[in-house]
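*Asks:* First, the structure itself, so that you have it in front of you.
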Amino acid sequence: MSMTCHNLDFSRTVLDVVACGCYLNATFNRSSVRNYAKSSCKSRSRGHGGGIDVCRRRGIARCRVSSTRTPETLRNEVAQGPPPVFELKKGSRSPISLTNLFEVVAEDLGTLNQNLQNIVGAENPLLMSAAEQIFGAGGKRMRPALVFLVSRATAELVGLKELTMKHRRLAEIIEMIHTASLIHDDVLDDSDIRRGKETVHQLYGTRVAVLAGDFMFAQSSWYLANLENLEVIKLISQVIKDFASGEIKQASSLFDCDVELEEYLIKSYYKTASLIAASTKGAAIFSGVDSDVCQKMYEYGKNLGLSFQVIDDILDFTQSAEQLGKPAGSDLVKGNLTAPVIFALEKDPKLRDIIESEFSEPNSLDEAIGLVKSSGGIERAQELAKEKAYLAIQNLQCLPQGAFRLALEDMVMFNLERID
């Protein structure tokens, strides 16, 4: 079966990546990571067959050999060249806070928070109360913030002084879609806690939770149609379809120890990166920039989203329940095998036995978490997150230097700092 979703060509084959062992380990800070992303990748094969990629910087070479063999692929995740593995330089600067990061769009976010109350619908007090449980549960507003940052950065390219109504409406639509997906996710996962608070279905019951999510999907679709931009309508509508596809892929592979990294990346794109990529591309479209810039913003959102999901999956093993706002190891116990587990399964056969038993033995979950940590699964997942982060930084080179581009770069580094 051949199907294409935006820049993901699933009719292609999996790009098996074999590193030659000469990973470049570099430290970076805010300025160096921007400069690093300007380094050129040479001898890059972009054909359908196998190829060798060589990326050179300061005389150091690292090569990647790729081949194409199995049914599905995230071609653009690896075909753009071999990103380096980089480390945050300890003590080089203070950690990035979201408050400081979003300061340049603080007024935009303030307006969004006010408008969300009206958009959800004051005539539906029960649904409004359910939505507020999510809106007011410590959400980072990362997705609408990205819309505003990309909107303002790309607006500078075309001399646009102020954001349009369509920019602002897009940010609100994106947050509604994200909120609806969280409500439905909690129902599907039977989660009791979200961001340290009781979930909507715990407080109001499954019926209200499902209706609240449905209502917000429907309301966001109505506002989306009123934007009267067919390209953006198609872009965002695909996201809602991707959410369902991601849930189906996840449900069909629970406790499957043969799941491959490529399948995990596709599922992560569907569930997380698709919305972020659509957010950033949609913002660029409404600024009126050319298609190349729009595509770069899509790639930025996709790579940031994938990196963010990998970090989230690492934190499920490294943080406490109090830090996570949900039980630690919650994905693993439900059979959802993420990047750290997939990497660990390559090293420790005992982990497979525990997972396939569905944690039937006492303390088997704690033992499995220990094996993931001891087998290098966490470290390899960190490398994967950094590779996606590097690609995201590369995608920003088309934007003008300034506060908005810097904030977009800092968003990438903020995500990586979560595992420090």
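Convention: chains lettered A, B, ... in structure tokens order; per-chain residue numbering from 1; ligands numbered from 1 as shown.
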Which residues are near Met142 of chain A? Cut-off 10 Å, only C-alpha atoms, ignore same chain within fewer than 2 positions. Put them as a VMD selection string.
*Replies:* chain A and resid 98 102 109 139 to 140 144 to 148 175 276 411
*Asks:* Among segment 133-358 of chain A, which ones does DSSP place in strand (DSSP E or B), written as a PyMOL selection string?
*Replies:* chain A and resi 193-194+197-198
*Asks:* One number please: atom CA of Asn395 of chain A to atom CA of Leu416 of chain A, in Å, one decimal.
*Replies:*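 Spanning atom CA of Asn395 of chain A to atom CA of Leu416 of chain A is a straight-line distance of 17.0 Å.
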*Asks:* Do you know which residues are at most 9 Å from segment 374-388 of chain A counting only C-alpha atoms, after dropping those on the same chain fewer than 5 positions away, and could you put them as an NGL selection string?
*Replies:* :A and (77 or 82-87 or 302-311 or 313-314 or 317-318 or 339-348 or 369 or 393 or 416 or 419)
*Asks:* Take the selection from the previous step and output its residues with N, CA, C and O atoms, as a short mmCIF file (atom, residue, chain, number, x, y, z; two decimals), in the first residue's frame.
*Replies:*
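again.cif written:
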data_model
loop_
_atom_site.label_atom_id
_atom_site.label_comp_id
_atom_site.auth_asym_id
_atom_site.auth_seq_id
_atom_site.Cartn_x
_atom_site.Cartn_y
_atom_site.Cartn_z
N GLU A 77 13.60 12.09 7.79
CA GLU A 77 14.23 12.08 9.10
C GLU A 77 15.73 11.80 8.99
O GLU A 77 16.49 12.13 9.88
N PRO A 82 23.82 13.63 7.88
CA PRO A 82 24.08 13.06 9.18
C PRO A 82 24.28 14.12 10.26
O PRO A 82 25.33 14.74 10.31
N PRO A 83 23.29 14.37 11.10
CA PRO A 83 23.47 15.35 12.14
C PRO A 83 24.46 14.88 13.18
O PRO A 83 24.55 13.68 13.44
N PRO A 84 25.19 15.77 13.80
CA PRO A 84 26.12 15.37 14.84
C PRO A 84 25.40 15.08 16.13
O PRO A 84 24.27 15.48 16.32
N VAL A 85 26.05 14.35 16.99
CA VAL A 85 25.56 14.21 18.35
C VAL A 85 26.22 15.30 19.18
O VAL A 85 27.43 15.39 19.23
N PHE A 86 25.40 16.18 19.78
CA PHE A 86 26.02 17.27 20.52
C PHE A 86 25.56 17.26 21.97
O PHE A 86 24.54 16.71 22.31
N GLU A 87 26.36 17.86 22.81
CA GLU A 87 26.08 17.91 24.23
C GLU A 87 25.93 19.35 24.66
O GLU A 87 26.62 20.23 24.17
N LYS A 302 8.36 19.46 12.46
CA LYS A 302 8.41 17.99 12.47
C LYS A 302 9.59 17.49 13.30
O LYS A 302 9.44 16.62 14.17
N ASN A 303 10.78 18.04 13.06
CA ASN A 303 11.96 17.58 13.78
C ASN A 303 11.92 17.95 15.26
O ASN A 303 12.32 17.16 16.11
N LEU A 304 11.42 19.15 15.56
CA LEU A 304 11.26 19.53 16.96
C LEU A 304 10.26 18.61 17.64
O LEU A 304 10.49 18.15 18.77
N GLY A 305 9.16 18.31 16.96
CA GLY A 305 8.14 17.43 17.54
C GLY A 305 8.66 16.04 17.83
O GLY A 305 8.38 15.45 18.88
N LEU A 306 9.44 15.49 16.90
CA LEU A 306 10.01 14.16 17.11
C LEU A 306 11.01 14.18 18.27
O LEU A 306 11.03 13.28 19.11
N SER A 307 11.85 15.21 18.30
CA SER A 307 12.80 15.33 19.40
C SER A 307 12.08 15.46 20.73
O SER A 307 12.46 14.84 21.74
N PHE A 308 11.01 16.24 20.74
CA PHE A 308 10.24 16.44 21.97
C PHE A 308 9.63 15.12 22.45
O PHE A 308 9.65 14.81 23.65
N GLN A 309 9.10 14.33 21.51
CA GLN A 309 8.49 13.06 21.90
C GLN A 309 9.52 12.09 22.45
O GLN A 309 9.26 11.40 23.44
N VAL A 310 10.70 12.04 21.84
CA VAL A 310 11.75 11.15 22.34
C VAL A 310 12.16 11.56 23.76
O VAL A 310 12.33 10.70 24.63
N ILE A 311 12.29 12.87 23.99
CA ILE A 311 12.64 13.33 25.34
C ILE A 311 11.55 12.96 26.33
O ILE A 311 11.83 12.49 27.45
N ASP A 313 9.63 10.46 26.21
CA ASP A 313 9.72 9.01 26.44
C ASP A 313 10.91 8.65 27.32
O ASP A 313 10.86 7.67 28.06
N ILE A 314 11.98 9.43 27.25
CA ILE A 314 13.11 9.24 28.16
C ILE A 314 12.71 9.59 29.59
O ILE A 314 13.00 8.86 30.55
N PHE A 317 11.23 7.29 32.11
CA PHE A 317 12.10 6.36 32.84
C PHE A 317 12.98 7.07 33.87
O PHE A 317 13.49 6.42 34.78
N THR A 318 13.21 8.35 33.70
CA THR A 318 14.22 9.02 34.53
C THR A 318 13.65 9.97 35.57
O THR A 318 14.38 10.40 36.45
N ALA A 339 11.31 4.64 22.36
CA ALA A 339 12.70 4.57 21.90
C ALA A 339 13.66 3.94 22.91
O ALA A 339 14.45 3.06 22.53
N PRO A 340 13.65 4.35 24.20
CA PRO A 340 14.59 3.72 25.13
C PRO A 340 14.42 2.21 25.21
O PRO A 340 15.41 1.47 25.31
N VAL A 341 13.18 1.73 25.15
CA VAL A 341 12.91 0.29 25.24
C VAL A 341 13.37 -0.41 23.96
O VAL A 341 13.97 -1.49 24.01
N ILE A 342 13.07 0.19 22.82
CA ILE A 342 13.45 -0.41 21.54
C ILE A 342 14.97 -0.59 21.46
O ILE A 342 15.47 -1.64 21.03
N PHE A 343 15.70 0.45 21.89
CA PHE A 343 17.17 0.33 21.91
C PHE A 343 17.64 -0.71 22.92
O PHE A 343 18.56 -1.49 22.65
N ALA A 344 17.02 -0.73 24.09
CA ALA A 344 17.43 -1.68 25.14
C ALA A 344 17.17 -3.12 24.74
O ALA A 344 17.95 -4.02 25.09
N LEU A 345 16.10 -3.34 23.99
CA LEU A 345 15.78 -4.71 23.55
C LEU A 345 16.87 -5.30 22.66
O LEU A 345 17.03 -6.52 22.58
N GLU A 346 17.63 -4.44 21.99
CA GLU A 346 18.72 -4.92 21.14
C GLU A 346 19.87 -5.48 21.97
O GLU A 346 20.66 -6.28 21.47
N LYS A 347 19.94 -5.10 23.24
CA LYS A 347 21.08 -5.46 24.08
C LYS A 347 20.75 -6.54 25.11
O LYS A 347 21.63 -7.32 25.49
N ASP A 348 19.51 -6.57 25.60
CA ASP A 348 19.21 -7.44 26.73
C ASP A 348 18.00 -8.32 26.44
O ASP A 348 16.85 -7.85 26.47
N ILE A 369 12.44 -1.53 34.01
CA ILE A 369 12.95 -0.15 33.98
C ILE A 369 14.45 -0.14 34.24
O ILE A 369 15.22 0.58 33.58
N ILE A 393 17.34 22.86 14.08
CA ILE A 393 18.15 24.08 14.04
C ILE A 393 18.53 24.42 12.60
O ILE A 393 18.47 25.58 12.17
N LEU A 416 16.04 19.83 24.93
CA LEU A 416 17.17 18.98 25.28
C LEU A 416 17.56 19.13 26.75
O LEU A 416 17.98 18.16 27.39
N ILE A 419 16.43 16.82 29.91
CA ILE A 419 17.04 15.56 30.35
C ILE A 419 18.34 15.79 31.12
O ILE A 419 19.06 14.85 31.43
#
*Asks:* Which residue is closest to Pro95 of chain A? Choose from A:Ala218, A:Val259, A:Met413, A:Leu227 and count only C-alpha atoms.
*Replies:*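 That would be A:Met413, the residue with the smallest distance to Pro95 of chain A.
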*Asks:* Please return, as an MDAnalysis selection string, all residues of segment 101-268 of chain A that DSSP assigns to alpha helix (DSSP H) on the basis of the backbone.
*Replies:* chainID A and resid 101 106:120 125:135 142:158 165:189 200:204 206:225 230:251 261:268
